[in-house]
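Worksheet: the structure to be examined is printed underneath.
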Amino acid sequence: MKANRPNTAKPAQPVQAVSDPDFKFPSFFAMWRDWIVKSEQQWSENVSKLLKDERAASLIGKQVDEARMMHKMYAEMMQSYLAAANLPSRLDLEWLDERMGRVEDGLAAVQAELVQLRSAVVKAGAASATDAGIVRLPRTRRPSAAKPS
Amino acid sequence: MNDVTAAEARMPNPLAQALWRLGIERDDFAKLTGELGATPKETIYAHGTLKLHHYRPQSDELYRVPVLIVTSLVNQPYILDLSPGQSMVEHLVRQGFDVYLIEWGRPRAEHQHLTLDDYVLDRIPACVARVHDDCGEPDVSIIGYCIGGLLSVMYAALHTDGPLRNLVCMAAPVNSDGLESLKTWMGGHFDEELLLELYGNVPADLVQNALRMLRPFGKLAGAMNLLNNLDKPEFVQSNLRLGKWEADNIPFAAGAFRQMVNDFLRGNKLVQRTWALGGKRVDPSRIRVPFVHLLAEDDHITPYASSRDLVKLVGSKDKQEIIIKGGHVGLVASRGAEKRMWPALSAWLAARST
(Lines give C-alpha, C1' and ligand atoms only; values in the text may rest on other atoms or scores of the structure.)
Protein backbone atom coordinates (compact mmCIF):
# COMPACT_ATOMS: atom_id res chain seq x y z
CA MET A 1 0.00 0.00 0.00
CA LYS A 2 1.35 3.40 -0.88
CA ALA A 3 -0.01 6.87 -1.31
CA ASN A 4 0.93 8.54 -4.56
CA ARG A 5 0.74 12.23 -3.85
CA PRO A 6 1.42 14.19 -7.04
CA ASN A 7 3.54 17.30 -7.02
CA THR A 8 0.87 19.96 -7.00
CA ALA A 9 3.14 23.02 -6.92
CA LYS A 10 2.04 25.49 -9.59
CA PRO A 11 4.68 26.87 -11.99
CA ALA A 12 5.16 30.63 -11.75
CA GLN A 13 3.07 32.53 -14.32
CA PRO A 14 5.05 34.88 -16.58
CA VAL A 15 4.04 38.50 -16.04
CA GLN A 16 2.82 40.20 -19.20
CA ALA A 17 4.56 43.52 -19.87
CA VAL A 18 2.44 46.65 -20.39
CA SER A 19 4.49 47.33 -23.55
CA ASP A 20 3.29 44.00 -24.97
CA PRO A 21 0.94 44.75 -27.94
CA ASP A 22 -1.47 42.04 -26.68
CA PHE A 23 -1.54 43.49 -23.19
CA LYS A 24 -5.04 44.14 -21.86
CA PHE A 25 -5.75 46.05 -18.69
CA PRO A 26 -7.57 43.65 -16.39
CA SER A 27 -11.21 44.52 -15.91
CA PHE A 28 -12.18 45.65 -12.42
CA PHE A 29 -15.14 43.26 -12.45
CA ALA A 30 -12.94 40.38 -13.60
CA MET A 31 -10.53 41.07 -10.73
CA TRP A 32 -13.45 41.25 -8.29
CA ARG A 33 -14.81 37.94 -9.57
CA ASP A 34 -11.36 36.41 -9.36
CA TRP A 35 -11.14 37.52 -5.74
CA ILE A 36 -14.48 35.83 -5.03
CA VAL A 37 -13.27 32.59 -6.64
CA LYS A 38 -10.06 32.65 -4.57
CA SER A 39 -11.87 33.50 -1.34
CA GLU A 40 -14.70 31.03 -1.82
CA GLN A 41 -12.98 28.06 -0.21
CA GLN A 42 -12.28 30.02 2.98
CA TRP A 43 -15.83 31.41 3.12
CA SER A 44 -17.33 27.99 2.53
CA GLU A 45 -15.13 26.46 5.24
CA ASN A 46 -16.15 29.15 7.74
CA VAL A 47 -19.86 28.77 7.04
CA SER A 48 -19.53 24.98 7.09
CA LYS A 49 -17.96 25.22 10.57
CA LEU A 50 -20.98 27.18 11.74
CA LEU A 51 -23.37 24.69 10.16
CA LYS A 52 -21.58 21.76 11.81
CA ASP A 53 -22.57 23.12 15.21
CA GLU A 54 -25.17 20.82 16.77
CA ARG A 55 -27.47 23.68 17.90
CA ALA A 56 -27.29 25.45 14.53
CA ALA A 57 -27.96 22.18 12.70
CA SER A 58 -30.93 21.44 14.95
CA LEU A 59 -32.38 24.91 14.41
CA ILE A 60 -31.89 24.75 10.63
CA GLY A 61 -33.34 21.25 10.58
CA LYS A 62 -36.51 22.47 12.32
CA GLN A 63 -36.81 25.42 9.94
CA VAL A 64 -36.37 23.14 6.93
CA ASP A 65 -38.99 20.70 8.26
CA GLU A 66 -41.45 23.55 8.80
CA ALA A 67 -40.71 25.04 5.39
CA ARG A 68 -41.27 21.66 3.75
CA MET A 69 -44.59 21.18 5.56
CA MET A 70 -45.68 24.68 4.53
CA HIS A 71 -44.56 24.05 0.97
CA LYS A 72 -46.52 20.82 0.80
CA MET A 73 -49.66 22.46 2.22
CA TYR A 74 -49.29 25.43 -0.11
CA ALA A 75 -48.81 23.15 -3.13
CA GLU A 76 -51.96 21.21 -2.23
CA MET A 77 -53.94 24.40 -1.69
CA MET A 78 -52.77 25.89 -4.99
CA GLN A 79 -53.68 22.73 -6.86
CA SER A 80 -57.43 23.51 -6.88
CA TYR A 81 -56.84 27.13 -7.99
CA LEU A 82 -54.51 26.02 -10.78
CA ALA A 83 -57.00 23.36 -11.87
CA ALA A 84 -59.72 26.05 -12.02
CA ALA A 85 -57.42 28.16 -14.21
CA ASN A 86 -56.72 25.10 -16.38
CA LEU A 87 -53.04 25.19 -15.46
CA PRO A 88 -50.88 22.23 -14.40
CA SER A 89 -49.75 22.10 -10.78
CA ARG A 90 -46.41 20.82 -9.48
CA LEU A 91 -48.12 17.57 -8.57
CA ASP A 92 -49.40 17.22 -12.15
CA LEU A 93 -45.86 17.69 -13.45
CA GLU A 94 -44.51 15.15 -10.96
CA TRP A 95 -47.19 12.71 -12.09
CA LEU A 96 -46.20 13.36 -15.72
CA ASP A 97 -42.54 12.83 -14.80
CA GLU A 98 -43.38 9.49 -13.18
CA ARG A 99 -45.42 8.47 -16.20
CA MET A 100 -42.60 9.39 -18.59
CA GLY A 101 -40.22 7.44 -16.36
CA ARG A 102 -42.44 4.37 -16.74
CA VAL A 103 -42.48 4.80 -20.53
CA GLU A 104 -38.69 5.21 -20.60
CA ASP A 105 -38.22 2.10 -18.46
CA GLY A 106 -40.65 0.18 -20.70
CA LEU A 107 -38.70 1.17 -23.80
CA ALA A 108 -35.42 0.13 -22.15
CA ALA A 109 -36.97 -3.24 -21.29
CA VAL A 110 -38.05 -3.72 -24.93
CA GLN A 111 -34.57 -2.81 -26.17
CA ALA A 112 -32.95 -5.22 -23.72
CA GLU A 113 -35.35 -8.00 -24.79
CA LEU A 114 -34.42 -7.41 -28.43
CA VAL A 115 -30.71 -7.58 -27.62
CA GLN A 116 -31.25 -10.84 -25.72
CA LEU A 117 -33.38 -12.23 -28.54
CA ARG A 118 -30.62 -11.41 -31.04
CA SER A 119 -28.07 -13.26 -28.89
CA ALA A 120 -30.43 -16.25 -28.56
CA VAL A 121 -30.86 -16.39 -32.34
CA VAL A 122 -27.08 -16.48 -32.80
CA LYS A 123 -26.64 -19.10 -30.08
CA ALA A 124 -29.31 -21.29 -31.70
CA GLY A 125 -27.38 -21.11 -34.98
CA ALA A 126 -30.23 -19.42 -36.86
CA ALA A 127 -27.99 -16.53 -37.86
CA SER A 128 -24.31 -15.71 -37.79
CA ALA A 129 -22.99 -13.17 -35.30
CA THR A 130 -21.99 -10.91 -38.20
CA ASP A 131 -25.49 -11.04 -39.73
CA ALA A 132 -26.99 -10.25 -36.33
CA GLY A 133 -24.68 -7.26 -35.97
CA ILE A 134 -22.77 -8.73 -33.02
CA VAL A 135 -19.10 -7.84 -33.00
CA ARG A 136 -16.93 -10.40 -31.23
CA LEU A 137 -13.45 -8.97 -30.79
CA PRO A 138 -10.49 -11.08 -29.65
CA ARG A 139 -9.89 -10.72 -25.91
CA THR A 140 -6.16 -10.89 -26.29
CA ARG A 141 -5.12 -7.35 -25.48
CA ARG A 142 -2.07 -7.00 -23.24
CA PRO A 143 -0.91 -3.94 -21.35
CA SER A 144 1.85 -1.93 -22.97
CA ALA A 145 5.38 -2.38 -21.70
CA ALA A 146 4.98 0.62 -19.42
CA LYS A 147 5.13 -0.35 -15.76
CA PRO A 148 1.72 -0.25 -14.04
CA SER A 149 1.22 2.31 -11.31
CA MET B 1 -37.17 32.88 -33.17
CA ASN B 2 -40.36 31.61 -31.55
CA ASP B 3 -42.39 33.54 -28.95
CA VAL B 4 -40.75 31.91 -25.96
CA THR B 5 -37.21 32.66 -27.06
CA ALA B 6 -38.22 36.18 -28.09
CA ALA B 7 -39.60 36.75 -24.59
CA GLU B 8 -36.47 35.30 -23.04
CA ALA B 9 -34.26 37.45 -25.26
CA ARG B 10 -35.90 40.57 -23.84
CA MET B 11 -35.09 39.47 -20.33
CA PRO B 12 -31.86 40.79 -18.82
CA ASN B 13 -29.86 37.60 -18.95
CA PRO B 14 -26.19 38.62 -18.56
CA LEU B 15 -24.87 35.22 -19.51
CA ALA B 16 -26.93 35.07 -22.72
CA GLN B 17 -25.88 38.63 -23.56
CA ALA B 18 -22.22 37.86 -22.91
CA LEU B 19 -22.47 34.78 -25.13
CA TRP B 20 -24.14 36.88 -27.81
CA ARG B 21 -21.22 39.34 -27.66
CA LEU B 22 -18.88 36.38 -28.20
CA GLY B 23 -20.78 35.51 -31.35
CA ILE B 24 -22.72 32.60 -29.87
CA GLU B 25 -26.35 32.81 -30.96
CA ARG B 26 -29.07 32.56 -28.33
CA ASP B 27 -30.60 29.64 -30.20
CA ASP B 28 -27.28 27.80 -30.00
CA PHE B 29 -27.15 28.06 -26.23
CA ALA B 30 -28.78 24.67 -25.65
CA LYS B 31 -26.48 23.10 -28.22
CA LEU B 32 -23.41 24.31 -26.35
CA THR B 33 -23.42 21.37 -23.97
CA GLY B 34 -23.72 18.91 -26.84
CA GLU B 35 -25.22 15.48 -26.30
CA LEU B 36 -24.48 14.10 -22.84
CA GLY B 37 -23.63 10.42 -22.46
CA ALA B 38 -22.92 10.11 -26.17
CA THR B 39 -20.54 7.13 -26.25
CA PRO B 40 -22.36 4.48 -28.36
CA LYS B 41 -24.03 1.84 -26.20
CA GLU B 42 -26.94 -0.53 -26.04
CA THR B 43 -29.11 -1.55 -23.11
CA ILE B 44 -28.69 -5.28 -22.56
CA TYR B 45 -30.74 -5.66 -19.38
CA ALA B 46 -33.53 -3.69 -17.75
CA HIS B 47 -35.37 -4.33 -14.51
CA GLY B 48 -37.68 -1.68 -13.07
CA THR B 49 -35.72 1.56 -13.25
CA LEU B 50 -32.39 -0.25 -13.58
CA LYS B 51 -30.67 -0.37 -16.95
CA LEU B 52 -27.45 -2.21 -17.74
CA HIS B 53 -25.64 -0.60 -20.68
CA HIS B 54 -22.90 -2.15 -22.79
CA TYR B 55 -20.59 0.28 -24.61
CA ARG B 56 -19.59 -0.62 -28.15
CA PRO B 57 -15.90 -1.50 -28.34
CA GLN B 58 -13.71 1.03 -30.17
CA SER B 59 -10.47 -0.95 -30.46
CA ASP B 60 -9.19 -3.93 -32.44
CA GLU B 61 -8.81 -6.23 -29.46
CA LEU B 62 -10.08 -6.21 -25.90
CA TYR B 63 -8.68 -6.99 -22.49
CA ARG B 64 -10.07 -10.34 -21.42
CA VAL B 65 -11.77 -9.18 -18.21
CA PRO B 66 -14.83 -6.95 -18.72
CA VAL B 67 -15.40 -3.87 -16.58
CA LEU B 68 -18.70 -3.15 -14.79
CA ILE B 69 -19.21 0.42 -13.54
CA VAL B 70 -21.48 0.84 -10.49
CA THR B 71 -22.72 4.42 -10.32
CA SER B 72 -24.08 6.50 -7.46
CA LEU B 73 -27.71 6.17 -6.36
CA VAL B 74 -28.32 9.93 -6.23
CA ASN B 75 -26.44 11.26 -9.27
CA GLN B 76 -26.98 10.73 -12.96
CA PRO B 77 -24.42 8.29 -14.39
CA TYR B 78 -23.59 10.49 -17.40
CA ILE B 79 -21.00 12.30 -15.28
CA LEU B 80 -18.78 9.36 -16.29
CA ASP B 81 -19.62 9.92 -19.97
CA LEU B 82 -20.22 13.67 -20.23
CA SER B 83 -19.21 14.30 -23.83
CA PRO B 84 -16.62 13.15 -26.36
CA GLY B 85 -13.22 14.03 -24.93
CA GLN B 86 -14.64 14.55 -21.43
CA SER B 87 -15.64 10.97 -20.73
CA MET B 88 -14.05 8.35 -18.51
CA VAL B 89 -16.14 5.68 -20.21
CA GLU B 90 -14.89 6.73 -23.65
CA HIS B 91 -11.31 6.62 -22.36
CA LEU B 92 -11.73 3.08 -21.05
CA VAL B 93 -13.43 1.91 -24.25
CA ARG B 94 -10.65 3.36 -26.39
CA GLN B 95 -8.02 1.76 -24.17
CA GLY B 96 -9.48 -1.64 -25.05
CA PHE B 97 -11.74 -2.41 -22.10
CA ASP B 98 -15.15 -4.04 -22.56
CA VAL B 99 -17.25 -1.62 -20.52
CA TYR B 100 -20.67 -2.15 -18.92
CA LEU B 101 -22.44 0.43 -16.74
CA ILE B 102 -25.31 0.17 -14.27
CA GLU B 103 -27.79 3.06 -14.44
CA TRP B 104 -30.00 2.83 -11.35
CA GLY B 105 -32.64 5.16 -12.76
CA ARG B 106 -35.06 7.46 -10.94
CA PRO B 107 -37.03 5.66 -8.23
CA ARG B 108 -40.75 6.44 -8.27
CA ALA B 109 -43.38 6.19 -5.56
CA GLU B 110 -43.68 2.43 -6.11
CA HIS B 111 -39.94 2.01 -5.41
CA GLN B 112 -40.04 3.37 -1.84
CA HIS B 113 -39.37 -0.10 -0.50
CA LEU B 114 -35.98 -0.42 -2.24
CA THR B 115 -33.19 -0.94 0.28
CA LEU B 116 -29.43 -1.37 0.06
CA ASP B 117 -30.10 -5.11 0.41
CA ASP B 118 -31.97 -4.99 -2.92
CA TYR B 119 -29.14 -3.13 -4.63
CA VAL B 120 -26.27 -5.20 -3.21
CA LEU B 121 -27.79 -8.66 -2.93
CA ASP B 122 -30.08 -8.74 -5.97
CA ARG B 123 -29.39 -6.04 -8.53
CA ILE B 124 -25.59 -5.98 -8.70
CA PRO B 125 -25.40 -9.82 -8.81
CA ALA B 126 -28.07 -9.83 -11.56
CA CYS B 127 -26.00 -7.35 -13.60
CA VAL B 128 -22.79 -9.34 -13.03
CA ALA B 129 -24.61 -12.44 -14.32
CA ARG B 130 -25.82 -10.53 -17.38
CA VAL B 131 -22.30 -9.33 -18.13
CA HIS B 132 -21.14 -12.95 -17.99
CA ASP B 133 -23.97 -14.05 -20.32
CA ASP B 134 -23.17 -11.25 -22.74
CA CYS B 135 -19.40 -11.54 -23.04
CA GLY B 136 -18.83 -15.12 -21.92
CA GLU B 137 -16.00 -14.29 -19.53
CA PRO B 138 -16.14 -15.90 -16.08
CA ASP B 139 -14.83 -12.89 -14.13
CA VAL B 140 -15.38 -9.15 -14.01
CA SER B 141 -13.74 -6.01 -12.66
CA ILE B 142 -15.96 -3.57 -10.81
CA ILE B 143 -15.49 0.21 -10.69
CA GLY B 144 -17.65 1.97 -8.09
CA TYR B 145 -17.98 5.74 -7.88
CA CYS B 146 -19.12 7.59 -4.74
CA ILE B 147 -22.07 5.69 -3.18
CA GLY B 148 -21.57 3.23 -6.02
CA GLY B 149 -18.16 2.57 -4.46
CA LEU B 150 -19.80 1.83 -1.12
CA LEU B 151 -22.24 -0.56 -2.82
CA SER B 152 -19.33 -2.25 -4.65
CA VAL B 153 -17.42 -2.75 -1.39
CA MET B 154 -20.51 -4.32 0.17
CA TYR B 155 -21.02 -6.56 -2.85
CA ALA B 156 -17.36 -7.63 -2.83
CA ALA B 157 -17.42 -8.33 0.92
CA LEU B 158 -20.57 -10.46 0.64
CA HIS B 159 -19.63 -12.35 -2.55
CA THR B 160 -16.08 -13.46 -1.85
CA ASP B 161 -16.56 -16.64 -3.90
CA GLY B 162 -18.09 -14.71 -6.78
CA PRO B 163 -16.66 -13.73 -10.14
CA LEU B 164 -15.06 -10.48 -8.98
CA ARG B 165 -11.53 -10.17 -10.34
CA ASN B 166 -10.56 -6.56 -9.44
CA LEU B 167 -12.22 -3.85 -7.38
CA VAL B 168 -11.74 -0.14 -8.08
CA CYS B 169 -13.37 2.46 -5.87
CA MET B 170 -13.43 6.16 -6.64
CA ALA B 171 -14.19 8.58 -3.79
CA ALA B 172 -16.12 5.97 -1.83
CA PRO B 173 -17.20 7.11 1.65
CA VAL B 174 -16.82 4.43 4.33
CA ASN B 175 -16.31 6.28 7.61
CA SER B 176 -19.16 8.60 8.56
CA ASP B 177 -17.04 10.30 11.23
CA GLY B 178 -15.31 11.98 8.29
CA LEU B 179 -18.62 13.31 6.96
CA GLU B 180 -18.95 15.85 9.76
CA SER B 181 -21.56 18.12 8.18
CA LEU B 182 -23.89 15.38 6.96
CA LYS B 183 -23.54 13.52 10.24
CA THR B 184 -24.52 16.63 12.21
CA TRP B 185 -27.40 17.57 9.93
CA MET B 186 -28.81 14.07 10.00
CA GLY B 187 -28.11 13.43 13.66
CA GLY B 188 -30.65 12.52 16.33
CA HIS B 189 -32.74 15.68 15.82
CA PHE B 190 -33.28 14.92 12.12
CA ASP B 191 -36.63 13.24 11.54
CA GLU B 192 -36.15 11.16 8.40
CA GLU B 193 -39.54 9.51 8.89
CA LEU B 194 -41.33 12.87 8.65
CA LEU B 195 -39.51 13.58 5.41
CA LEU B 196 -40.33 10.16 3.98
CA GLU B 197 -43.95 10.46 5.09
CA LEU B 198 -44.22 13.79 3.28
CA TYR B 199 -42.55 12.76 0.04
CA GLY B 200 -42.28 8.99 -0.18
CA ASN B 201 -38.73 9.04 -1.54
CA VAL B 202 -36.23 11.81 -0.76
CA PRO B 203 -36.83 14.44 -3.47
CA ALA B 204 -33.99 15.15 -5.87
CA ASP B 205 -33.94 18.87 -5.01
CA LEU B 206 -33.35 18.03 -1.34
CA VAL B 207 -30.43 15.78 -2.26
CA GLN B 208 -29.07 18.58 -4.44
CA ASN B 209 -29.43 21.26 -1.75
CA ALA B 210 -27.76 19.05 0.86
CA LEU B 211 -24.80 18.51 -1.47
CA ARG B 212 -24.63 22.26 -2.22
CA MET B 213 -24.66 23.09 1.47
CA LEU B 214 -21.43 21.13 1.86
CA ARG B 215 -19.78 24.00 -0.02
CA PRO B 216 -22.14 26.94 0.44
CA PHE B 217 -20.36 29.42 -1.85
CA GLY B 218 -19.30 26.88 -4.46
CA LYS B 219 -22.08 27.80 -6.87
CA LEU B 220 -21.27 31.52 -6.63
CA ALA B 221 -17.56 30.87 -7.24
CA GLY B 222 -18.45 28.65 -10.19
CA ALA B 223 -20.57 31.40 -11.74
CA MET B 224 -17.80 33.99 -11.28
CA ASN B 225 -15.26 31.63 -12.77
CA LEU B 226 -17.54 31.08 -15.74
CA LEU B 227 -17.97 34.82 -16.32
CA ASN B 228 -14.20 35.31 -16.19
CA ASN B 229 -13.65 32.62 -18.81
CA LEU B 230 -16.41 33.43 -21.28
CA ASP B 231 -13.82 33.95 -24.02
CA LYS B 232 -12.84 30.26 -23.82
CA PRO B 233 -15.57 28.26 -25.60
CA GLU B 234 -14.26 24.91 -24.36
CA PHE B 235 -14.31 26.12 -20.77
CA VAL B 236 -17.87 27.44 -21.19
CA GLN B 237 -19.05 24.17 -22.74
CA SER B 238 -17.45 22.05 -20.05
CA ASN B 239 -18.83 24.29 -17.30
CA LEU B 240 -22.37 24.19 -18.73
CA ARG B 241 -22.23 20.40 -19.01
CA LEU B 242 -21.16 20.06 -15.38
CA GLY B 243 -23.79 22.62 -14.33
CA LYS B 244 -26.47 20.66 -16.12
CA TRP B 245 -25.36 17.46 -14.40
CA GLU B 246 -25.20 19.10 -10.95
CA ALA B 247 -28.81 20.22 -11.30
CA ASP B 248 -29.95 16.75 -12.36
CA ASN B 249 -29.99 14.70 -9.17
CA ILE B 250 -31.96 11.51 -8.59
CA PRO B 251 -34.43 10.97 -5.72
CA PHE B 252 -33.16 8.69 -2.97
CA ALA B 253 -35.31 5.57 -2.53
CA ALA B 254 -36.84 5.68 0.98
CA GLY B 255 -35.61 2.28 2.16
CA ALA B 256 -32.02 2.89 1.09
CA PHE B 257 -32.05 6.42 2.54
CA ARG B 258 -33.28 5.11 5.91
CA GLN B 259 -30.34 2.66 6.01
CA MET B 260 -27.84 5.31 4.96
CA VAL B 261 -28.99 7.62 7.75
CA ASN B 262 -29.30 5.00 10.50
CA ASP B 263 -26.68 2.39 9.69
CA PHE B 264 -24.09 4.47 7.90
CA LEU B 265 -24.23 8.09 9.12
CA ARG B 266 -25.41 7.54 12.70
CA GLY B 267 -24.18 4.01 13.31
CA ASN B 268 -20.95 4.10 11.23
CA LYS B 269 -21.47 0.35 10.96
CA LEU B 270 -19.17 -0.37 8.02
CA VAL B 271 -16.04 0.73 9.86
CA GLN B 272 -17.21 -1.07 12.98
CA ARG B 273 -17.93 -4.17 10.86
CA THR B 274 -21.42 -4.50 12.33
CA TRP B 275 -23.42 -3.70 9.19
CA ALA B 276 -25.53 -6.61 8.03
CA LEU B 277 -27.37 -7.01 4.72
CA GLY B 278 -29.73 -9.93 4.25
CA GLY B 279 -28.66 -11.25 7.63
CA LYS B 280 -24.98 -11.41 6.60
CA ARG B 281 -22.33 -9.20 8.17
CA VAL B 282 -20.50 -6.91 5.76
CA ASP B 283 -16.81 -7.29 6.56
CA PRO B 284 -14.49 -5.53 4.06
CA SER B 285 -11.52 -7.51 5.40
CA ARG B 286 -12.98 -10.51 3.54
CA ILE B 287 -12.22 -8.79 0.23
CA ARG B 288 -9.12 -10.47 -1.25
CA VAL B 289 -9.14 -9.33 -4.85
CA PRO B 290 -6.74 -6.64 -6.14
CA PHE B 291 -8.05 -3.29 -4.94
CA VAL B 292 -7.37 0.37 -5.66
CA HIS B 293 -9.03 3.46 -4.19
CA LEU B 294 -8.79 6.64 -6.25
CA LEU B 295 -9.32 9.78 -4.22
CA ALA B 296 -9.42 13.51 -4.87
CA GLU B 297 -7.30 15.82 -2.74
CA ASP B 298 -9.96 18.55 -2.37
CA ASP B 299 -13.09 16.42 -2.26
CA HIS B 300 -15.74 18.25 -0.20
CA ILE B 301 -18.45 15.61 -0.78
CA THR B 302 -16.36 12.58 0.20
CA PRO B 303 -13.60 14.18 2.30
CA TYR B 304 -10.38 12.24 2.76
CA ALA B 305 -11.30 11.63 6.42
CA SER B 306 -14.36 9.68 5.27
CA SER B 307 -12.62 7.59 2.63
CA ARG B 308 -9.04 6.97 3.80
CA ASP B 309 -9.94 3.96 5.96
CA LEU B 310 -11.16 1.85 3.07
CA VAL B 311 -7.71 0.74 1.95
CA LYS B 312 -6.96 -0.31 5.54
CA LEU B 313 -10.26 -2.18 5.91
CA VAL B 314 -9.92 -4.22 2.72
CA GLY B 315 -8.14 -7.53 3.23
CA SER B 316 -6.42 -7.73 -0.18
CA LYS B 317 -2.66 -8.13 -0.42
CA ASP B 318 -2.59 -6.19 -3.69
CA LYS B 319 -4.12 -2.89 -2.56
CA GLN B 320 -3.33 0.71 -3.22
CA GLU B 321 -4.58 4.24 -2.66
CA ILE B 322 -3.99 6.91 -5.26
CA ILE B 323 -4.67 10.54 -4.39
CA ILE B 324 -5.20 12.90 -7.28
CA LYS B 325 -5.46 16.68 -7.31
CA GLY B 326 -8.97 18.05 -7.72
CA GLY B 327 -12.46 17.68 -6.33
CA HIS B 328 -15.16 15.03 -6.20
CA VAL B 329 -16.50 15.67 -9.69
CA GLY B 330 -13.13 16.74 -11.11
CA LEU B 331 -11.79 13.32 -10.14
CA VAL B 332 -13.78 11.74 -12.94
CA ALA B 333 -14.80 14.49 -15.34
CA SER B 334 -12.31 17.36 -15.43
CA ARG B 335 -9.48 18.00 -17.82
CA GLY B 336 -7.16 17.06 -14.99
CA ALA B 337 -8.87 13.67 -14.84
CA GLU B 338 -7.95 13.10 -18.47
CA LYS B 339 -4.28 13.59 -17.65
CA ARG B 340 -4.09 12.11 -14.18
CA MET B 341 -6.95 9.87 -13.07
CA TRP B 342 -7.97 8.06 -16.28
CA PRO B 343 -4.42 6.98 -17.21
CA ALA B 344 -3.78 5.82 -13.62
CA LEU B 345 -7.05 3.85 -13.67
CA SER B 346 -6.52 2.22 -17.06
CA ALA B 347 -2.88 1.35 -16.30
CA TRP B 348 -3.84 -0.28 -12.99
CA LEU B 349 -6.70 -2.21 -14.57
CA ALA B 350 -4.78 -3.22 -17.70
CA ALA B 351 -2.10 -4.97 -15.67
CA ARG B 352 -4.82 -7.05 -13.96
CA SER B 353 -7.25 -7.69 -16.83
CA THR B 354 -5.55 -10.36 -18.96
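Here's how to read the names in the C-alpha coordinates: chain A, B, ... by the order shown, residue numbers from 1 in each chain, ligand numbers from 1 in the order shown.
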
Item to check | strand (DSSP E) per DSSP on the backbone: members of region 177-351 of chain B, as a list in words | outcome: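 So the strand (DSSP E) residues in region 177-351 of chain B would be Ala276, Leu277, Lys280, Arg281, Phe291, Val292, His293, Leu294, Leu295, Ala296, Lys319, Gln320, Glu321, Ile322, Ile323 and Ile324 of chain B.
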
Checklist entry - Residues of chain B within 6 Å of chain A, using only C-alpha atoms, as a list in words? => result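 For chain B, the answer reads Thr43, Ile44, Tyr45, Ala46, Thr49, Glu61, Leu62, Tyr63, Arg64, Ser181, Thr184, Trp185, Arg215, Pro216, Phe217, Ala221, Met224, Asn228, Lys319, Gln320, Glu321, Ile322, Ile323, Ala347, Trp348, Ala350 and Ala351 of chain B.
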
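The neighbours of Gly326 (chain B) here are the residues that come within 7 Å of it, using only C-alpha atoms and leaving out any residue fewer than 6 positions away in the same chain; they are Ala296, Glu297 and Asp298 of chain B.
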
Selected residues, N, CA and C atoms, written as an mmCIF file, in the first residue's frame, please.
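Heads up, here's the output in out.cif:
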```cif
data_model
loop_
_atom_site.group_PDB
_atom_site.id
_atom_site.type_symbol
_atom_site.label_atom_id
_atom_site.label_comp_id
_atom_site.auth_asym_id
_atom_site.auth_seq_id
_atom_site.Cartn_x
_atom_site.Cartn_y
_atom_site.Cartn_z
ATOM 1 N N ALA B 296 -9.749 12.134 -4.481
ATOM 2 C CA ALA B 296 -9.423 13.510 -4.874
ATOM 3 C C ALA B 296 -8.959 14.279 -3.644
ATOM 4 N N GLU B 297 -7.923 15.081 -3.848
ATOM 5 C CA GLU B 297 -7.303 15.815 -2.743
ATOM 6 C C GLU B 297 -8.270 16.807 -2.076
ATOM 7 N N ASP B 298 -9.070 17.499 -2.897
ATOM 8 C CA ASP B 298 -9.961 18.551 -2.368
ATOM 9 C C ASP B 298 -11.431 18.150 -2.484
#
```

Checklist entry - Taking into account only C-alpha atoms, which residue in the set B:His328, B:Arg273, B:Arg108, B:Arg352 is nearest to Ala157 (chain B)? => result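 Looking only at the distances to Ala157 (chain B), the closest residue turns out to be B:Arg273.
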
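The closest residue to Pro40 (chain B), picked from B:Arg281, B:Arg123, B:His54, B:Lys232 and counting only C-alpha atoms, is B:His54.
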
Item to check | For CA of Glu193 (chain B) and CA of Arg258 (chain B), the interatomic separation in Å (one decimal) | outcome: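 So the two atoms, CA of Glu193 (chain B) and CA of Arg258 (chain B), lie 8.2 Å apart.
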
Item to check | Option closest in space to Asn268 (chain B), from B:Pro173, B:Pro163, B:Gly96, B:Gly48 [counting only C-alpha atoms] | outcome: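 Of the candidates, the smallest distance to Asn268 (chain B) is held by B:Pro173.
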